[in-house]
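K.L.:
Have a look at this one.
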There are 2 protein chains.
Amino acid sequence: MRRLVAHKAKSLITNATVSLLNPHRQSSSSPSPSNYCSRLARFFTSLPSDTSMASHNPLSVDSLNPKVLKCEYAVRGEIVSLAQNLQQDLKANPGSHPFEEILYCNIGNPHSLGQQPITFFREVLALCDHPTILDKSETQGLFSADSIERAWQILDQIPGSATGAYSHSQGVKGLRDTIAAGIEARDGFPADPNDIFLTDGASPGVHMMMQLLIRSENDGIFCPIPQYPLYSASIALHGGTLVPYYLDEATGWGLEISELKKQLETARQKGIAVRALVVINPGNPTGQVLAEENQREIVEFCKKEGLVLLADEVYQENVYVPEKQFHSFKKVARSMGYGDKDIPLVSFQSVSKGYYGECGKRGGYMEVTGFSPEVREQIYKVASVNLCSNISGQILASLVMSPPKVGDESYESYFAEKDGILQSLARRAKILEDGLNKLEGVTCNKAEGAMYLFPRIRLPNKAIKEAESLKKAPDAYYAARLLNATGIVVVPGSGFGQVPGTWHFRCTILPQEEKIPAIVSRLTEFHQKFMDEFRD
Amino acid sequence: MRRLVAHKAKSLITNATVSLLNPHRQSSSSPSPSNYCSRLARFFTSLPSDTSMASHNPLSVDSLNPKVLKCEYAVRGEIVSLAQNLQQDLKANPGSHPFEEILYCNIGNPHSLGQQPITFFREVLALCDHPTILDKSETQGLFSADSIERAWQILDQIPGSATGAYSHSQGVKGLRDTIAAGIEARDGFPADPNDIFLTDGASPGVHMMMQLLIRSENDGIFCPIPQYPLYSASIALHGGTLVPYYLDEATGWGLEISELKKQLETARQKGIAVRALVVINPGNPTGQVLAEENQREIVEFCKKEGLVLLADEVYQENVYVPEKQFHSFKKVARSMGYGDKDIPLVSFQSVSKGYYGECGKRGGYMEVTGFSPEVREQIYKVASVNLCSNISGQILASLVMSPPKVGDESYESYFAEKDGILQSLARRAKILEDGLNKLEGVTCNKAEGAMYLFPRIRLPNKAIKEAESLKKAPDAYYAARLLNATGIVVVPGSGFGQVPGTWHFRCTILPQEEKIPAIVSRLTEFHQKFMDEFRD
């Protein structure tokens, strides 16, 4: 019960805090969801009725799986709830806030901010959903010739052309053939369709590997700090220990082998069996693209220390600087002469990122190499319990690994769409980066790739003390103030991990290009006022 | 290492066994995958090289999460691997077996056996995938007017009409509104869209609840025996204890409260905290439809004993007998006067079953009622870690809960398709049931609902001894022999659980109607020969 009370208190104090931070809220007497002060008042009187509910109800929060309670997921956490409340408020009381819309820069969700899907991909998906129109004459007026041809090919690859059937637990074999061919073309090394497990986005693949590897809290998974919180959440849910290695902000979020060695030794001294190393390349939230030489060192380190290499490569198409290039870890390992039996390596890919950004389709795959047949059998079994990933997502995963080629009817429009998106993302990243670097006490590394900037903010002591007095992390306080002043949603750095005593936030580069200058102005104005308020 | 060897030995002996059982295999000298004897031989020589691989490779099967190793999933288990090998064999060597095709009666996967999708549903999905064709004139020649209208409505419900964006973690709010309205229309009691969590099929919802409830092996989940092995697999993966209650085959798989009481007491005496009761209605693999009076007793039992009621209601549209009707557990609880705060109840629904059978779309939802806000927050958090379920599946879930209505352009063709499928399933169930009941020593309860028959087979002692000598469960031996003789894939009863000493198999009613008589003949002929071979 004590924990429940503490939990409620924490969440309500947080809400109340934001209310107190927001003068627009307090002046409103509407019955909108923003009426936090009365919610706070209710909190102190609501315990008796809750207690009585608990006696009827077998399920108190205290009685839940503690691993679930421990899990945190910042990118959809508290800041997003606050934003949703503000959005409702704006709808109910237009003009009640100094901004007209909420800008969700908290999550890599391109279509939610207006990015349009790649036409060819959607044509093929629609035709596979409703194949009876494929041989109707009107269809040729509505769809490109190569999308019709591709849909026929895909239907031929699916047993009985049944897009409504469960597939093989690893995904439709023909689609895995296409993906393997795409990987071969990308890397110049062979890929085996039997190594591919199609998944609903990359997340289920990550969960599956954590489930496989983690036996107890004595099993550790090496993760970069800052990291994408899927990893910390999944490790918590499976009851393992996150073993951190810090990326070096001063060298553009460099990954130093000496740091890996040091942290591995520390973990081992604590009795942690470190089982795997997670690398996110291009980096999330940090945006760096690893140099090939650095990747070789990482492969060598995993090989030497007996670690499974879990390579999050979902941003492989998102590289914005000419001096850097994406290399898959499998390509790097093979080019070092390591074959399939030499190093266990999993590469995660998703249809949610890249230039396509099809988050809602939940497509992706993991390429699993270097595992014994017995271990592979266990992965297959876990995949089987979930039957299969969704077939539209499977089809889309095959499309992104095998897009239109020169000479195809759709090629030119496809390339124009792709190039337009990637060029624009590069420009947006640069404008935001420059804008952030002009702010007092803010430094921001370049987004060489991925979809995010992760600026460091040096907060005045007065601001830190104010946040502490409200029982909030200083960067969470900053992010809440930013949201209330501008409608811009960013995720506090504390949700990703950071060197203790430093503060950051993650901001996507995804708002539409024409909105970026206004975002920079609003950020600048807010930051100036915030610093004026708290400057030591 | 010992466990690895034992595991390999078991799997290879099994394979070898089937080879020995199958004279067609042994006579073949082809290089097909069926050459199990040489595989068996290789097994005894392969240990040294495997050991050396283990020294390179950090990951032995012994070092994996023991919960994963413990998990079993029969409907995609060993019998399916055997069937896939046979299928490859048939392709490589046509005529090498006494049948021409493999009939997958192991899994409820209607489209894989030729069932066609409901046209209206697929029209809407295709239009939502590629909305740019919605206002083109050719589209009106290809799509029904109400599918075009529905697609517009759905796009209006999705923020920014972005079918490619991650949705709210519980699913698109507008689609949840539609689903809640469908539940209200079905039950005659209110449903709240905030209680709906859209999921990729029903399985992820089940996993989520197990993850929430199970803290350790001292936490028990009540499951019917026989049960659908998703439950046993999920409980094993989350490290809990399956507490069985036996359905009474003699009374048509009746669910007796006295049995629940007895088993609850036994579990509690062993120190197991039983947290939830799983009910599958209509039953899987057993096909019974619960009487409303029986459901009331179950609700009362859960209420009294403080159990969460997990209601698997994915077969709610699959009822084949006029004397039975589906009632949701929520409707039953509400009609008893229990409100939202009185009983924690989760209802699972899926687009994979019903007359639509859209397994590949991975759509579904769970309706979560009677949980405190704090517990709901934890469910929301876990859902958030996976971001959201796929949007096409979400759309389809809204469609099955809100199909065309009388007067809509598609209504007549929609109703004809739906009724044709359900009437045909009822006829198929009856013919198979009658055929099975004519077999020596076989009794089969009626499939009142769902998609399966679960006949009991009384095997001769000689057959049981033969199976035991091959280290196989007798029903697994029977199923393997049946497969090798007829190409029909059924799942041994031991995969679902059964009263010790009784033997069963699960067979879907899904093969195309015109094939059913031949299936009955092949089954009959095989069974006759099997009994002649082993009769005591």
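Please note that chains go A, B, ... in the order of the structure tokens, that every chain numbers its residues from 1, and that ligands are numbered from 1 in the order shown.
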Using only C-alpha atoms, which chain A residues lie at most 6 Å away from chain B, written as an MDAnalysis selection string?
P.N.:
chainID A and resid 58 61 64:65 109 111:112 122 126 129:130 138 162 164:166 212:215 306 358:362 375 390:391
K.L.:
Enumerate, as a ChimeraX atom specification, the complete set of residues in region 419-466 of chain B that a backbone-based DSSP assignment places in strand (DSSP E or B).
P.N.:
/B:442-443,449,452-453,456-457
K.L.:
Keeping only C-alpha atoms, write the selected residues to a file as a short mmCIF file (atom, residue, chain, number, x, y, z; two decimals), in the first residue's frame.
P.N.:
data_model
loop_
_atom_site.label_atom_id
_atom_site.label_comp_id
_atom_site.auth_asym_id
_atom_site.auth_seq_id
_atom_site.Cartn_x
_atom_site.Cartn_y
_atom_site.Cartn_z
CA VAL B 442 -13.19 -43.33 -31.19
CA THR B 443 -15.73 -40.97 -29.62
CA GLY B 449 -18.45 -23.79 -31.92
CA TYR B 452 -11.91 -27.92 -34.06
CA LEU B 453 -12.87 -31.47 -33.19
CA ARG B 456 -10.84 -39.41 -28.03
CA ILE B 457 -9.01 -42.43 -29.41
#
K.L.:
Can you pull out every residue within 9 Å of Ile102 (chain A), counting only C-alpha atoms, but drop anything in the same chain fewer than 5 positions away, and send it as a ChimeraX atom specification?
P.N.:
/A:83-84,86-87,90,483,486-489
K.L.:
Given only C-alpha atoms as the basis, pick out the residue of A:Ile221, A:Val289, A:Ala429, A:Ala236 nearest to Leu309 (chain A).
P.N.:
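Of A:Ile221, A:Val289, A:Ala429, A:Ala236, the one nearest Leu309 (chain A) is A:Ile221, counting only C-alpha atoms.
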K.L.:
Report, in Å with one decimal, the straight-line distance from CA of Ser521 (chain A) to CA of Leu436 (chain A).
P.N.:
10.2 Å
K.L.:
Among the residues of region 53-105 of chain A, find those DSSP assigns to helix (DSSP H, G or I) from the backbone and print them as a ChimeraX atom specification.
P.N.:
/A:53-56,61-63,66-70,74-76,78-92
K.L.:
Would you list the contacts of Asp536 (chain A) as a list in words, taking every protein, DNA or RNA residue within 7 Å and counting only C-alpha atoms, but skipping same-chain residues closer than 2 positions in sequence?
P.N.:
Pro460, Asn461, Lys462 and Phe534 of chain A
K.L.:
Taking 6 positions as the minimum chain separation for residues in the same chain, which residues sit within 10 Å of Asp419 (chain B) when counting only C-alpha atoms? Answer as a compact mmCIF listing (two decimals) with C-alpha atoms, in the first residue's frame.
P.N.:
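Generated output (result_9.txt):
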# COMPACT_ATOMS: atom_id res chain seq x y z
CA TYR B 355 -16.11 -16.09 -40.49
CA SER B 413 -22.82 -9.80 -50.81
CA LEU B 425 -18.21 -24.82 -41.44
K.L.:
Which residues come within 6 Å of region 345-347 of chain B, counting only C-alpha atoms, excluding same-chain residues fewer than 5 positions away, as a list of chain:residue names?
P.N.:
B:Val308, B:Leu309, B:Leu310, B:Ala311, B:Met366, B:Glu367, B:Val368, B:Thr369
K.L.:
Could you check the closest approach to Trp503 (chain A) for each of A:Lys446, A:Arg458, A:Lys261, A:Lys418 and tell me which residue wins, using only C-alpha atoms?
P.N.:
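Smallest separation from Trp503 (chain A) among the options: A:Arg458.
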K.L.:
Do a neighbour search on Asp192 (chain B) at 10 Å with only C-alpha atoms, toss out local chain neighbours closer than 5 positions, and write the hits as a PDB file with N, CA and C atoms, in the first residue's frame.
P.N.:
ATOM      1  N   ARG B 176     -11.159   2.615 -31.752  1.00  0.00           N
ATOM      2  CA  ARG B 176     -11.630   2.060 -30.471  1.00  0.00           C
ATOM      3  C   ARG B 176     -13.062   2.491 -30.192  1.00  0.00           C
ATOM      4  N   ASP B 177     -13.431   3.707 -30.614  1.00  0.00           N
ATOM      5  CA  ASP B 177     -14.837   4.133 -30.481  1.00  0.00           C
ATOM      6  C   ASP B 177     -15.749   3.171 -31.243  1.00  0.00           C
ATOM      7  N   ILE B 179     -15.165   0.077 -32.136  1.00  0.00           N
ATOM      8  CA  ILE B 179     -15.170  -1.243 -31.501  1.00  0.00           C
ATOM      9  C   ILE B 179     -16.054  -1.222 -30.250  1.00  0.00           C
ATOM     10  N   ALA B 180     -15.913  -0.170 -29.454  1.00  0.00           N
ATOM     11  CA  ALA B 180     -16.747  -0.075 -28.239  1.00  0.00           C
ATOM     12  C   ALA B 180     -18.231  -0.059 -28.618  1.00  0.00           C
ATOM     13  N   ALA B 181     -18.559   0.661 -29.692  1.00  0.00           N
ATOM     14  CA  ALA B 181     -19.962   0.675 -30.134  1.00  0.00           C
ATOM     15  C   ALA B 181     -20.405  -0.721 -30.562  1.00  0.00           C
ATOM     16  N   ILE B 183     -19.238  -3.573 -29.400  1.00  0.00           N
ATOM     17  CA  ILE B 183     -19.402  -4.383 -28.180  1.00  0.00           C
ATOM     18  C   ILE B 183     -20.741  -4.040 -27.518  1.00  0.00           C
ATOM     19  N   GLU B 184     -21.049  -2.759 -27.449  1.00  0.00           N
ATOM     20  CA  GLU B 184     -22.334  -2.335 -26.876  1.00  0.00           C
ATOM     21  C   GLU B 184     -23.508  -2.944 -27.628  1.00  0.00           C
ATOM     22  N   GLU B 367     -10.420  -6.123 -24.155  1.00  0.00           N
ATOM     23  CA  GLU B 367     -11.228  -5.154 -23.421  1.00  0.00           C
ATOM     24  C   GLU B 367     -10.944  -5.403 -21.944  1.00  0.00           C
ATOM     25  N   VAL B 368     -10.375  -4.399 -21.288  1.00  0.00           N
ATOM     26  CA  VAL B 368      -9.863  -4.547 -19.930  1.00  0.00           C
ATOM     27  C   VAL B 368     -10.787  -3.778 -18.994  1.00  0.00           C
ATOM     28  N   THR B 369     -11.542  -4.481 -18.156  1.00  0.00           N
ATOM     29  CA  THR B 369     -12.456  -3.797 -17.234  1.00  0.00           C
ATOM     30  C   THR B 369     -12.195  -4.256 -15.801  1.00  0.00           C
TER      31      THR B 369
END
K.L.:
If I take CA of Lys91 (chain B) and CA of Phe197 (chain A), how far is one from the other in Å, to one decimal?
P.N.:
24.2 Å
